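Chemist: For reference, this is coords_3.txt, and it has compact mmCIF, C-alpha atoms and all ligand atoms.
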```
# COMPACT_ATOMS: atom_id res chain seq x y z
CA MET K 1 -5.83 8.26 -12.38
CA THR K 2 -9.07 8.66 -10.46
CA ILE K 3 -11.98 6.28 -11.09
CA LEU K 4 -15.54 7.32 -10.18
CA VAL K 5 -17.33 4.21 -8.91
CA THR K 6 -21.12 4.58 -8.91
CA GLY K 7 -22.90 2.01 -6.74
CA GLY K 8 -19.55 1.37 -5.06
CA ALA K 9 -21.13 0.43 -1.71
CA GLY K 10 -22.95 -2.48 -3.38
CA TYR K 11 -21.95 -6.11 -3.69
CA ILE K 12 -19.91 -6.06 -6.90
CA GLY K 13 -18.91 -2.39 -6.54
CA SER K 14 -17.30 -2.86 -3.13
CA HIS K 15 -15.22 -5.84 -4.31
CA THR K 16 -14.16 -3.86 -7.37
CA CYS K 17 -13.09 -0.91 -5.19
CA VAL K 18 -10.72 -3.26 -3.33
CA GLU K 19 -9.12 -4.41 -6.59
CA LEU K 20 -8.90 -0.87 -8.02
CA LEU K 21 -7.10 0.36 -4.89
CA ALA K 22 -4.78 -2.69 -5.01
CA ALA K 23 -3.98 -1.85 -8.65
CA GLY K 24 -2.95 1.69 -7.63
CA TYR K 25 -6.00 3.67 -8.79
CA ASP K 26 -7.56 6.45 -6.73
CA ILE K 27 -11.31 6.08 -6.34
CA VAL K 28 -14.31 8.29 -5.60
CA VAL K 29 -17.46 6.40 -4.60
CA VAL K 30 -21.08 7.52 -5.09
CA ASP K 31 -23.99 5.51 -3.70
CA ASN K 32 -27.41 6.42 -2.30
CA LEU K 33 -27.27 3.35 0.00
CA ARG K 34 -30.71 2.25 -1.19
CA ASN K 35 -29.51 -1.36 -1.37
CA SER K 36 -26.33 -1.21 0.71
CA ASP K 37 -24.85 0.34 3.83
CA MET K 38 -21.69 2.01 5.09
CA ALA K 39 -20.33 -1.31 6.42
CA ALA K 40 -19.21 -2.20 2.87
CA VAL K 41 -17.45 1.16 2.44
CA GLU K 42 -15.70 0.72 5.81
CA GLY K 43 -14.88 -2.87 4.81
CA VAL K 44 -13.15 -1.70 1.63
CA LYS K 45 -11.08 0.77 3.69
CA LYS K 46 -10.17 -1.97 6.16
CA ILE K 47 -9.10 -4.50 3.50
CA SER K 48 -7.14 -1.98 1.44
CA GLY K 49 -5.75 0.14 4.28
CA LYS K 50 -6.63 3.16 2.12
CA ASN K 51 -9.05 6.06 2.43
CA PHE K 52 -11.18 7.57 -0.33
CA PRO K 53 -14.05 10.05 -0.73
CA PHE K 54 -17.56 8.65 -0.41
CA TYR K 55 -20.70 10.60 -1.36
CA GLN K 56 -24.16 9.47 -0.30
CA VAL K 57 -25.91 10.85 -3.35
CA ASP K 58 -28.70 9.70 -5.62
CA MET K 59 -27.29 9.81 -9.14
CA ARG K 60 -30.51 11.40 -10.40
CA ASP K 61 -29.57 14.51 -8.40
CA ALA K 62 -27.84 16.39 -11.24
CA ASP K 63 -26.50 19.23 -9.07
CA ALA K 64 -24.90 16.87 -6.58
CA MET K 65 -23.30 14.86 -9.41
CA ASP K 66 -22.09 18.08 -11.01
CA ASP K 67 -20.34 19.05 -7.77
CA ILE K 68 -18.57 15.67 -7.62
CA PHE K 69 -17.35 15.95 -11.21
CA ALA K 70 -16.18 19.53 -10.55
CA LYS K 71 -14.29 18.53 -7.41
CA HIS K 72 -12.42 15.48 -8.75
CA ASN K 73 -10.34 14.98 -11.86
CA ILE K 74 -12.13 11.83 -13.05
CA GLY K 75 -10.39 9.77 -15.73
CA CYS K 76 -12.84 6.90 -16.00
CA ILE K 77 -16.17 5.80 -14.54
CA ILE K 78 -17.39 2.36 -13.53
CA HIS K 79 -21.18 2.56 -13.45
CA PHE K 80 -22.64 -0.11 -11.13
CA ALA K 81 -25.49 1.90 -9.61
CA GLY K 82 -28.94 0.57 -10.38
CA HIS K 83 -31.80 -1.56 -9.16
CA LYS K 84 -31.27 -5.23 -9.97
CA ALA K 85 -34.09 -7.49 -8.78
CA VAL K 86 -35.96 -9.09 -11.68
CA GLY K 87 -39.16 -9.83 -9.72
CA GLU K 88 -39.29 -6.34 -8.21
CA SER K 89 -38.83 -4.84 -11.68
CA VAL K 90 -41.98 -6.64 -12.84
CA ALA K 91 -43.90 -5.31 -9.82
CA ILE K 92 -42.66 -1.68 -10.01
CA PRO K 93 -41.42 -1.16 -13.59
CA ALA K 94 -41.66 2.65 -13.63
CA GLU K 95 -39.34 2.89 -10.63
CA TYR K 96 -36.84 0.62 -12.42
CA TYR K 97 -36.92 2.59 -15.67
CA ASP K 98 -36.70 5.88 -13.76
CA ASN K 99 -33.77 4.85 -11.60
CA ASN K 100 -31.66 2.85 -14.04
CA ILE K 101 -32.20 4.97 -17.15
CA ASN K 102 -32.15 8.42 -15.55
CA ALA K 103 -29.03 7.63 -13.49
CA THR K 104 -27.28 6.65 -16.74
CA LEU K 105 -28.58 9.63 -18.75
CA GLY K 106 -27.52 12.04 -16.00
CA LEU K 107 -24.09 10.45 -15.99
CA CYS K 108 -23.75 10.87 -19.77
CA LYS K 109 -24.66 14.57 -19.49
CA ALA K 110 -22.14 15.09 -16.68
CA MET K 111 -19.45 13.25 -18.68
CA LYS K 112 -20.03 15.55 -21.64
CA LYS K 113 -20.05 18.70 -19.50
CA HIS K 114 -16.84 17.76 -17.68
CA GLY K 115 -14.98 16.18 -20.61
CA VAL K 116 -14.83 12.63 -19.20
CA LYS K 117 -14.61 10.15 -22.08
CA ASN K 118 -14.26 6.71 -20.53
CA ILE K 119 -16.91 4.48 -18.99
CA VAL K 120 -17.26 0.83 -17.98
CA PHE K 121 -20.89 -0.26 -17.57
CA SER K 122 -22.44 -3.09 -15.52
CA SER K 123 -24.62 -4.94 -17.96
CA SER K 124 -25.92 -8.47 -17.66
CA ALA K 125 -26.35 -11.76 -19.50
CA THR K 126 -30.03 -10.92 -19.21
CA VAL K 127 -29.65 -8.74 -22.37
CA TYR K 128 -29.38 -11.92 -24.46
CA ARG K 129 -32.59 -13.35 -25.83
CA SER K 130 -33.29 -16.73 -24.28
CA ASP K 131 -33.48 -18.61 -27.59
CA ASN K 132 -29.80 -18.15 -28.46
CA THR K 133 -27.76 -21.36 -28.58
CA VAL K 134 -25.25 -21.88 -25.78
CA PRO K 135 -22.57 -20.89 -25.10
CA TRP K 136 -23.70 -17.29 -25.53
CA VAL K 137 -21.38 -15.09 -27.58
CA GLU K 138 -21.41 -11.28 -27.61
CA GLU K 139 -22.92 -11.27 -31.13
CA ALA K 140 -25.95 -13.30 -29.97
CA VAL K 141 -29.40 -11.77 -30.47
CA LEU K 142 -30.31 -9.19 -27.83
CA GLY K 143 -33.70 -8.69 -26.18
CA ALA K 144 -35.07 -8.81 -22.67
CA ALA K 145 -37.72 -10.73 -20.78
CA ASN K 146 -38.50 -8.27 -17.98
CA PRO K 147 -38.26 -4.54 -17.15
CA TYR K 148 -34.89 -4.97 -15.39
CA GLY K 149 -33.48 -6.60 -18.50
CA TRP K 150 -34.88 -3.84 -20.70
CA THR K 151 -33.18 -1.17 -18.57
CA LYS K 152 -29.83 -2.87 -19.21
CA PHE K 153 -30.65 -3.21 -22.91
CA MET K 154 -31.57 0.49 -23.12
CA CYS K 155 -28.57 1.71 -21.12
CA GLU K 156 -26.29 -0.24 -23.47
CA GLN K 157 -27.97 1.52 -26.42
CA ILE K 158 -27.70 4.96 -24.78
CA LEU K 159 -23.98 4.41 -24.27
CA ARG K 160 -23.52 3.11 -27.84
CA ASP K 161 -25.17 6.27 -29.19
CA CYS K 162 -23.20 8.64 -26.93
CA VAL K 163 -19.92 6.94 -27.84
CA ALA K 164 -20.72 7.39 -31.54
CA ALA K 165 -21.63 11.05 -31.06
CA GLU K 166 -18.88 12.07 -28.63
CA GLY K 167 -15.97 9.81 -29.55
CA TRP K 168 -15.91 8.22 -26.08
CA SER K 169 -14.73 4.78 -25.04
CA ALA K 170 -17.25 2.45 -23.41
CA VAL K 171 -16.93 -1.12 -22.21
CA LEU K 172 -20.20 -3.01 -21.63
CA LEU K 173 -19.67 -5.90 -19.23
CA ARG K 174 -22.30 -8.64 -19.39
CA TYR K 175 -22.01 -10.54 -16.12
CA PHE K 176 -23.23 -14.09 -15.82
CA ASN K 177 -23.93 -15.27 -12.21
CA PRO K 178 -21.71 -13.47 -9.68
CA VAL K 179 -21.34 -15.31 -6.36
CA GLY K 180 -18.88 -15.57 -3.45
CA ALA K 181 -17.29 -12.98 -1.20
CA HIS K 182 -13.92 -11.45 -0.43
CA PRO K 183 -11.66 -14.15 1.12
CA SER K 184 -11.15 -11.90 4.18
CA GLY K 185 -14.84 -12.44 5.08
CA ILE K 186 -15.17 -8.67 5.55
CA ILE K 187 -17.36 -7.88 2.53
CA GLY K 188 -19.83 -10.05 0.64
CA GLU K 189 -23.40 -10.29 -0.60
CA ASN K 190 -26.01 -9.30 1.94
CA PRO K 191 -29.47 -9.49 0.33
CA GLN K 192 -32.39 -7.82 2.06
CA GLY K 193 -35.26 -10.18 2.93
CA ILE K 194 -35.65 -13.62 1.39
CA PRO K 195 -32.93 -14.15 -1.25
CA ASN K 196 -34.07 -14.73 -4.84
CA ASN K 197 -30.71 -16.01 -6.04
CA LEU K 198 -29.39 -19.48 -5.44
CA MET K 199 -26.08 -18.98 -3.62
CA PRO K 200 -27.35 -16.63 -0.87
CA PHE K 201 -30.31 -18.99 -0.37
CA ILE K 202 -27.95 -21.95 0.03
CA ALA K 203 -25.81 -20.00 2.53
CA GLN K 204 -28.82 -18.94 4.60
CA THR K 205 -30.19 -22.50 4.56
CA ALA K 206 -26.86 -23.90 5.74
CA LYS K 207 -26.91 -21.32 8.53
CA GLY K 208 -30.43 -22.33 9.57
CA ILE K 209 -32.02 -18.98 8.65
CA ARG K 210 -34.06 -20.81 5.96
CA GLU K 211 -35.46 -24.26 6.62
CA LYS K 212 -34.96 -25.79 3.21
CA LEU K 213 -33.74 -24.92 -0.26
CA GLN K 214 -36.26 -25.51 -3.01
CA ILE K 215 -34.57 -26.69 -6.20
CA PHE K 216 -36.69 -25.30 -8.99
CA GLY K 217 -37.01 -28.13 -11.50
CA ASN K 218 -35.22 -31.49 -11.83
CA ASP K 219 -36.56 -32.36 -15.27
CA TYR K 220 -34.50 -30.00 -17.44
CA ASP K 221 -32.49 -31.37 -20.33
CA THR K 222 -29.25 -31.14 -18.31
CA PRO K 223 -26.95 -33.90 -16.95
CA ASP K 224 -28.76 -34.15 -13.58
CA GLY K 225 -32.02 -32.45 -14.57
CA THR K 226 -31.43 -29.27 -12.53
CA GLY K 227 -30.74 -25.79 -13.95
CA VAL K 228 -27.27 -25.01 -15.26
CA ARG K 229 -25.62 -21.58 -14.94
CA ASP K 230 -22.23 -19.92 -15.28
CA TYR K 231 -21.11 -18.86 -11.79
CA ILE K 232 -18.26 -16.36 -11.48
CA HIS K 233 -16.46 -15.49 -8.23
CA VAL K 234 -17.02 -11.82 -7.38
CA VAL K 235 -13.26 -11.26 -6.90
CA ASP K 236 -12.60 -12.58 -10.42
CA LEU K 237 -15.39 -10.31 -11.65
CA ALA K 238 -13.79 -7.34 -9.84
CA ILE K 239 -10.44 -8.07 -11.50
CA GLY K 240 -12.28 -8.16 -14.83
CA HIS K 241 -13.25 -4.53 -14.19
CA VAL K 242 -9.64 -3.49 -13.59
CA LYS K 243 -8.65 -5.14 -16.89
CA SER K 244 -11.59 -3.40 -18.58
CA ILE K 245 -10.35 0.01 -17.43
CA ASP K 246 -6.96 -0.69 -19.03
CA TYR K 247 -8.78 -1.59 -22.25
CA CYS K 248 -11.17 1.36 -22.06
CA LEU K 249 -8.34 3.88 -21.64
CA LYS K 250 -6.40 2.50 -24.61
CA HIS K 251 -9.30 2.29 -27.10
CA SER K 252 -12.22 4.30 -28.35
CA GLY K 253 -15.62 2.98 -29.43
CA CYS K 254 -18.07 0.71 -27.66
CA GLU K 255 -17.25 -2.93 -26.95
CA ALA K 256 -19.28 -5.59 -25.12
CA PHE K 257 -17.73 -8.48 -23.20
CA ASN K 258 -19.11 -11.53 -21.43
CA LEU K 259 -17.69 -11.98 -17.95
CA GLY K 260 -18.20 -15.61 -16.96
CA SER K 261 -16.18 -18.76 -16.49
CA GLY K 262 -17.55 -20.51 -19.56
CA GLN K 263 -18.42 -23.51 -17.41
CA GLY K 264 -21.98 -24.66 -16.76
CA ILE K 265 -22.67 -25.77 -13.17
CA SER K 266 -25.95 -27.38 -12.07
CA VAL K 267 -27.93 -26.48 -8.95
CA LEU K 268 -27.25 -29.91 -7.45
CA GLU K 269 -23.52 -29.63 -8.20
CA LEU K 270 -23.41 -26.29 -6.40
CA VAL K 271 -25.33 -27.65 -3.38
CA LYS K 272 -23.09 -30.73 -3.14
CA THR K 273 -19.89 -28.67 -3.46
CA PHE K 274 -21.11 -26.23 -0.79
CA GLU K 275 -21.84 -29.13 1.60
CA ALA K 276 -18.53 -30.89 0.96
CA GLU K 277 -16.28 -27.81 1.12
CA ASN K 278 -17.87 -26.37 4.23
CA ASN K 279 -18.81 -29.61 5.96
CA VAL K 280 -22.34 -28.37 6.54
CA PRO K 281 -25.68 -29.84 5.39
CA VAL K 282 -27.96 -27.92 3.02
CA PRO K 283 -31.45 -29.48 3.28
CA TYR K 284 -33.31 -29.31 -0.02
CA GLU K 285 -36.36 -30.56 -1.85
CA PHE K 286 -37.29 -30.60 -5.50
CA ALA K 287 -39.99 -28.13 -6.51
CA PRO K 288 -41.63 -27.17 -9.81
CA ARG K 289 -39.71 -25.10 -12.33
CA ARG K 290 -39.60 -21.34 -11.61
CA ALA K 291 -41.58 -19.32 -14.14
CA GLY K 292 -39.36 -17.73 -16.77
CA ASP K 293 -36.29 -19.88 -15.97
CA LEU K 294 -34.12 -21.42 -18.67
CA GLY K 295 -32.67 -24.92 -18.35
CA ALA K 296 -29.09 -24.02 -19.16
CA TYR K 297 -26.98 -21.08 -20.22
CA TYR K 298 -23.36 -20.10 -19.89
CA ALA K 299 -20.88 -17.71 -21.45
CA ASP K 300 -18.43 -18.02 -24.24
CA PRO K 301 -15.67 -16.09 -22.41
CA SER K 302 -13.13 -16.14 -25.25
CA LYS K 303 -13.53 -12.50 -26.33
CA ALA K 304 -12.67 -11.25 -22.82
CA LYS K 305 -9.67 -13.55 -22.79
CA ARG K 306 -8.49 -12.37 -26.19
CA LEU K 307 -8.99 -8.61 -25.81
CA LEU K 308 -8.97 -7.97 -22.06
CA GLY K 309 -6.54 -10.70 -21.05
CA PHE K 310 -9.16 -11.85 -18.56
CA ALA K 311 -9.92 -15.39 -17.46
CA THR K 312 -11.42 -16.57 -14.18
CA GLN K 313 -8.96 -17.99 -11.63
CA LYS K 314 -11.17 -19.08 -8.76
CA SER K 315 -12.87 -22.47 -8.48
CA LEU K 316 -16.38 -23.50 -7.50
CA ALA K 317 -14.87 -24.62 -4.17
CA ASP K 318 -13.51 -21.06 -3.62
CA MET K 319 -16.96 -19.61 -4.36
CA CYS K 320 -18.56 -21.92 -1.77
CA LYS K 321 -15.90 -21.47 0.92
CA ASP K 322 -15.78 -17.68 0.62
CA THR K 323 -19.58 -17.38 0.65
CA TRP K 324 -19.74 -19.45 3.84
CA ARG K 325 -16.94 -17.53 5.59
CA TYR K 326 -18.83 -14.28 5.01
CA GLN K 327 -22.18 -15.81 6.01
CA GLU K 328 -20.73 -17.23 9.23
CA GLY K 329 -19.04 -13.98 10.19
CA ASN K 330 -21.60 -11.38 9.28
CA ASN K 331 -25.18 -12.46 8.99
CA GLY K 332 -27.42 -13.81 11.68
P1 LIG K 401 -26.13 -3.90 -5.46
O1 LIG K 401 -27.56 -3.57 -5.30
O2 LIG K 401 -25.41 -4.59 -4.35
O3 LIG K 401 -25.32 -2.57 -5.85
C1 LIG K 401 -25.88 -1.50 -6.57
C2 LIG K 401 -25.66 -0.24 -5.76
O4 LIG K 401 -26.21 0.88 -6.46
C3 LIG K 401 -26.34 -0.30 -4.39
O5 LIG K 401 -25.38 -0.04 -3.39
C4 LIG K 401 -27.41 0.80 -4.47
O6 LIG K 401 -27.61 1.42 -3.22
C5 LIG K 401 -26.83 1.73 -5.52
N1 LIG K 401 -27.81 2.55 -6.26
C6 LIG K 401 -28.94 2.14 -6.89
N2 LIG K 401 -29.54 3.17 -7.48
C7 LIG K 401 -28.79 4.28 -7.22
C8 LIG K 401 -28.91 5.65 -7.55
N3 LIG K 401 -29.94 6.13 -8.27
N4 LIG K 401 -27.95 6.51 -7.11
C9 LIG K 401 -26.90 6.05 -6.37
N5 LIG K 401 -26.75 4.77 -6.03
C10 LIG K 401 -27.68 3.88 -6.45
O7 LIG K 401 -25.99 -4.76 -6.80
P2 LIG K 401 -24.74 -5.56 -7.39
O8 LIG K 401 -25.06 -7.01 -7.32
O9 LIG K 401 -23.48 -5.07 -6.80
O10 LIG K 401 -24.85 -5.12 -8.91
C11 LIG K 401 -24.14 -4.03 -9.43
C12 LIG K 401 -24.54 -3.81 -10.87
O11 LIG K 401 -24.32 -5.00 -11.61
C13 LIG K 401 -26.03 -3.46 -11.05
O12 LIG K 401 -26.15 -2.50 -12.08
C14 LIG K 401 -26.64 -4.78 -11.48
O13 LIG K 401 -27.78 -4.61 -12.27
C15 LIG K 401 -25.50 -5.39 -12.30
N6 LIG K 401 -25.57 -6.86 -12.35
C16 LIG K 401 -25.61 -7.58 -11.19
C17 LIG K 401 -25.71 -8.98 -11.23
C18 LIG K 401 -25.77 -9.79 -9.96
O14 LIG K 401 -26.14 -10.94 -10.02
N7 LIG K 401 -25.41 -9.27 -8.81
C19 LIG K 401 -25.74 -9.64 -12.48
C20 LIG K 401 -25.69 -8.87 -13.64
C21 LIG K 401 -25.60 -7.48 -13.57
C1 LIG K 402 -31.01 -14.33 -12.06
C2 LIG K 402 -31.74 -13.24 -12.84
C3 LIG K 402 -30.80 -12.62 -13.84
C4 LIG K 402 -29.53 -12.14 -13.18
C5 LIG K 402 -28.89 -13.31 -12.45
C6 LIG K 402 -27.59 -12.92 -11.82
C7 LIG K 402 -34.05 -14.02 -12.92
C8 LIG K 402 -35.15 -14.53 -13.80
N1 LIG K 402 -32.87 -13.83 -13.52
O1 LIG K 402 -30.65 -15.35 -12.95
O2 LIG K 402 -31.43 -11.53 -14.47
O3 LIG K 402 -28.63 -11.62 -14.15
O4 LIG K 402 -29.83 -13.80 -11.49
O5 LIG K 402 -27.47 -13.20 -10.49
O6 LIG K 402 -34.23 -13.77 -11.74
N2 LIG K 402 -32.64 -21.79 -8.04
C9 LIG K 402 -33.21 -22.78 -7.25
N3 LIG K 402 -33.69 -22.42 -6.03
C10 LIG K 402 -33.63 -21.13 -5.56
C11 LIG K 402 -33.04 -20.14 -6.37
C12 LIG K 402 -32.57 -20.50 -7.62
O7 LIG K 402 -33.27 -23.93 -7.64
O8 LIG K 402 -34.11 -20.86 -4.43
C13 LIG K 402 -32.07 -22.18 -9.35
C14 LIG K 402 -32.70 -21.48 -10.55
O9 LIG K 402 -33.81 -22.18 -11.01
C15 LIG K 402 -31.52 -21.47 -11.53
C16 LIG K 402 -30.28 -21.36 -10.63
O10 LIG K 402 -30.71 -21.80 -9.34
O11 LIG K 402 -31.46 -22.69 -12.22
C17 LIG K 402 -29.71 -19.95 -10.51
O12 LIG K 402 -30.78 -19.07 -10.12
P1 LIG K 402 -30.50 -17.54 -9.73
O13 LIG K 402 -29.39 -17.47 -8.74
O14 LIG K 402 -31.80 -16.94 -9.34
O15 LIG K 402 -29.95 -16.88 -11.06
P2 LIG K 402 -30.57 -16.85 -12.54
O16 LIG K 402 -31.95 -17.39 -12.55
O17 LIG K 402 -29.59 -17.47 -13.45
```
Take the structure in the file and write it out as structure tokens.
Modeler:
Amino acid sequence: MTILVTGGAGYIGSHTCVELLAAGYDIVVVDNLRNSDMAAVEGVKKISGKNFPFYQVDMRDADAMDDIFAKHNIGCIIHFAGHKAVGESVAIPAEYYDNNINATLGLCKAMKKHGVKNIVFSSSATVYRSDNTVPWVEEAVLGAANPYGWTKFMCEQILRDCVAAEGWSAVLLRYFNPVGAHPSGIIGENPQGIPNNLMPFIAQTAKGIREKLQIFGNDYDTPDGTGVRDYIHVVDLAIGHVKSIDYCLKHSGCEAFNLGSGQGISVLELVKTFEAENNVPVPYEFAPRRAGDLGAYYADPSKAKRLLGFATQKSLADMCKDTWRYQEGNNG
């Protein structure tokens, strides 16, 4: 069985390629390298000891995608490719809608033309409206707060409609907060410029690339006043994709799943664990709340456990140690 991995040179895609190869799948990777580079593709080959075709193609190039579908007997797709920065999506919304929606629409047309019926889609907890009660369940009210979130919301709807019309099978995976790196230290998250997300900022601060972490808010209604999130190790997340392919191939229809640990972790807890596990200081100061942030949210992961047989295995300590190993070895 060959899996087409779009966005497979990216952070989550590259880790998923490793787990797909380990599970015995053949893979074909498509990425335009807009937010990644060949080091991740080479890293996947090094970790797995396996080779696979890689195409540097923009998914909006219909002819190039057509050639790839014609050349390979694709059984299932995992669609990671897309722009993902919330702030950037507010600044350049048209580019976000163009890229994320048109890549997905083009994929649906190619699937229909080439008779591919199975797709796993990278969605996000950002499709849940912020006023749902925690923990968030898959039936919670949907809605988005920014253009990035709306692209995920719309892509989910496009897939729901195509599944209904074509009799396909689609799995929509709503990730909570992916962090960490492969334990080999060979692949990991490598954000361009100043990181927006917490874990890469902590790692760069520990390394001395950033002077100080700002903790956005210490007056939330949470145990220590700082923001609470559901962090999931990227290797666990990757394994969740392998389990989702099994499910996708055995079912038809469209099903959404939360991929998270179900455990809420505060910013301070993450900082303290990072310092203790890696024996390195992370200087920080408290700063005002970040606009648009919620105090606390985390997943109800029970549907994924029940239907996919998926539960996270890795601890917060693993997330911190693996992030640091990659940071030490690869960046700055
Ligand atoms: P990433 O940016 O590391 O990976 C995405 C990859 O897609 C990149 O390598 C990029 O070059 C590629 N890409 C973008 N547009 C493309 C196009 N038109 N054609 C071909 N390639 C294209 O991001 P990631 O963190 O690995 O995220 C993967 C997916 O998961 C994204 O869809 C993202 O929205 C979603 N997601 C990520 C997070 C997170 O925190 N990382 C959380 C929820 C959902
Ligand atoms: C962000 C995205 C969300 C995406 C998620 C996954 C926004 C508004 N949301 O969510 O769409 O799905 O990433 O990775 O960007 N924090 C600090 N200091 C920092 C950075 C973050 O204190 O320098 C705090 C935040 O206030 C929050 C927590 O750390 O409480 C996690 O923040 P972050 O990593 O940015 O993720 P989210 O805001 O949950």
Chemist: At a cut-off of 6 Å and counting all atoms listed in the file, what residues surround ligand LIG 401 (chain K)? Please answer as a compact mmCIF listing (two decimals) with C-alpha atoms, keeping the file's coordinate frame.
Modeler:
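This went into pocket-v2.txt:
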```
# COMPACT_ATOMS: atom_id res chain seq x y z
CA GLY K 7 -22.90 2.01 -6.74
CA ALA K 9 -21.13 0.43 -1.71
CA GLY K 10 -22.95 -2.48 -3.38
CA TYR K 11 -21.95 -6.11 -3.69
CA ILE K 12 -19.91 -6.06 -6.90
CA GLY K 13 -18.91 -2.39 -6.54
CA ASP K 31 -23.99 5.51 -3.70
CA ASN K 32 -27.41 6.42 -2.30
CA LEU K 33 -27.27 3.35 0.00
CA ARG K 34 -30.71 2.25 -1.19
CA ASN K 35 -29.51 -1.36 -1.37
CA SER K 36 -26.33 -1.21 0.71
CA VAL K 57 -25.91 10.85 -3.35
CA ASP K 58 -28.70 9.70 -5.62
CA MET K 59 -27.29 9.81 -9.14
CA ARG K 60 -30.51 11.40 -10.40
CA PHE K 80 -22.64 -0.11 -11.13
CA ALA K 81 -25.49 1.90 -9.61
CA GLY K 82 -28.94 0.57 -10.38
CA HIS K 83 -31.80 -1.56 -9.16
CA LYS K 84 -31.27 -5.23 -9.97
CA ASN K 99 -33.77 4.85 -11.60
CA ALA K 103 -29.03 7.63 -13.49
CA SER K 122 -22.44 -3.09 -15.52
CA SER K 123 -24.62 -4.94 -17.96
CA SER K 124 -25.92 -8.47 -17.66
CA TYR K 175 -22.01 -10.54 -16.12
CA ASN K 177 -23.93 -15.27 -12.21
CA PRO K 178 -21.71 -13.47 -9.68
```
Chemist: Could the residues of chain K that have an atom at most 9 Å from ligand LIG 402 (chain K) be listed as CSV, each with its closest atom pair and the distance in Å to one decimal, counting all atoms listed in the file and ordered by chain and ascending residue number?
Modeler:
```
residue,atom,partner,partner_atom,distance
K:Lys84,CA,K:LIG402,O2,7.7
K:Ala85,CA,K:LIG402,O6,6.9
K:Val86,CA,K:LIG402,O6,5.0
K:Gly87,CA,K:LIG402,O6,6.6
K:Ser123,CA,K:LIG402,O3,8.7
K:Ser124,CA,K:LIG402,O3,5.4
K:Ala125,CA,K:LIG402,O3,5.8
K:Thr126,CA,K:LIG402,O2,5.0
K:Val127,CA,K:LIG402,O2,8.6
K:Ala145,CA,K:LIG402,C8,8.4
K:Asn146,CA,K:LIG402,C8,8.2
K:Tyr148,CA,K:LIG402,O2,7.5
K:Gly149,CA,K:LIG402,O2,6.7
K:Arg174,CA,K:LIG402,O3,8.7
K:Tyr175,CA,K:LIG402,O3,7.0
K:Phe176,CA,K:LIG402,C6,6.0
K:Asn177,CA,K:LIG402,C6,4.4
K:Pro178,CA,K:LIG402,O5,5.8
K:Val179,CA,K:LIG402,O5,7.7
K:Pro195,CA,K:LIG402,O8,7.5
K:Asn196,CA,K:LIG402,O14,5.5
K:Asn197,CA,K:LIG402,O13,3.3
K:Leu198,CA,K:LIG402,C11,3.8
K:Met199,CA,K:LIG402,O13,6.3
K:Pro200,CA,K:LIG402,O13,8.2
K:Phe201,CA,K:LIG402,O8,5.9
K:Ile202,CA,K:LIG402,O8,7.7
K:Leu213,CA,K:LIG402,O8,5.8
K:Gln214,CA,K:LIG402,N3,5.0
K:Ile215,CA,K:LIG402,O7,3.4
K:Phe216,CA,K:LIG402,O7,3.9
K:Gly217,CA,K:LIG402,O9,6.8
K:Asn218,CA,K:LIG402,O7,8.9
K:Thr226,CA,K:LIG402,O11,6.6
K:Gly227,CA,K:LIG402,O11,3.6
K:Val228,CA,K:LIG402,O11,5.7
K:Arg229,CA,K:LIG402,O17,5.9
K:Asp230,CA,K:LIG402,O17,8.0
K:Tyr231,CA,K:LIG402,O5,8.6
K:Ser266,CA,K:LIG402,O11,7.2
K:Val267,CA,K:LIG402,O10,5.5
K:Leu268,CA,K:LIG402,O7,8.5
K:Phe286,CA,K:LIG402,O7,8.1
K:Ala287,CA,K:LIG402,O7,8.0
K:Arg289,CA,K:LIG402,O9,6.7
K:Arg290,CA,K:LIG402,O9,5.9
K:Ala291,CA,K:LIG402,C8,8.0
K:Gly292,CA,K:LIG402,C8,6.1
K:Asp293,CA,K:LIG402,C8,5.9
K:Leu294,CA,K:LIG402,O11,7.1
K:Gly295,CA,K:LIG402,O11,6.6
K:Ala296,CA,K:LIG402,O11,7.5
K:Tyr297,CA,K:LIG402,O17,8.1
```
Chemist: Return as JSON lines the residues of range 228-305 of chain K lying at most 7 Å from range 165-169 of chain K, together with the closest atom-to-atom pair for each and the distance in Å to one decimal, counting all atoms listed in the file, with rows in chain order and ascending residue number.
Modeler:
```
{"residue": "K:Cys248", "atom": "CA", "partner": "K:Ser169", "partner_atom": "CA", "distance": 5.8}
{"residue": "K:His251", "atom": "CA", "partner": "K:Ser169", "partner_atom": "CA", "distance": 6.3}
{"residue": "K:Ser252", "atom": "CA", "partner": "K:Ser169", "partner_atom": "CA", "distance": 4.2}
{"residue": "K:Gly253", "atom": "CA", "partner": "K:Ser169", "partner_atom": "CA", "distance": 4.8}
{"residue": "K:Cys254", "atom": "CA", "partner": "K:Ser169", "partner_atom": "CA", "distance": 5.9}
```
Chemist: Generate the output file for the selected residues, C-alpha atoms, as a short mmCIF file (atom, residue, chain, number, x, y, z; two decimals), in the coordinates of the input.
Modeler:
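What follows is the written file result22.cif:
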```cif
data_model
loop_
_atom_site.label_atom_id
_atom_site.label_comp_id
_atom_site.auth_asym_id
_atom_site.auth_seq_id
_atom_site.Cartn_x
_atom_site.Cartn_y
_atom_site.Cartn_z
CA CYS K 248 -11.17 1.36 -22.06
CA HIS K 251 -9.30 2.29 -27.10
CA SER K 252 -12.22 4.30 -28.35
CA GLY K 253 -15.62 2.98 -29.43
CA CYS K 254 -18.07 0.71 -27.66
#
```
Chemist: Identify, on the basis of all atoms listed in the file, every residue whose closest approach to Lys50 in chain K does not exceed 8 Å; exclude the query and any residue fewer than 3 positions from it along the same chain; express the result as a ChimeraX atom specification.
Modeler: /K:21,45-46
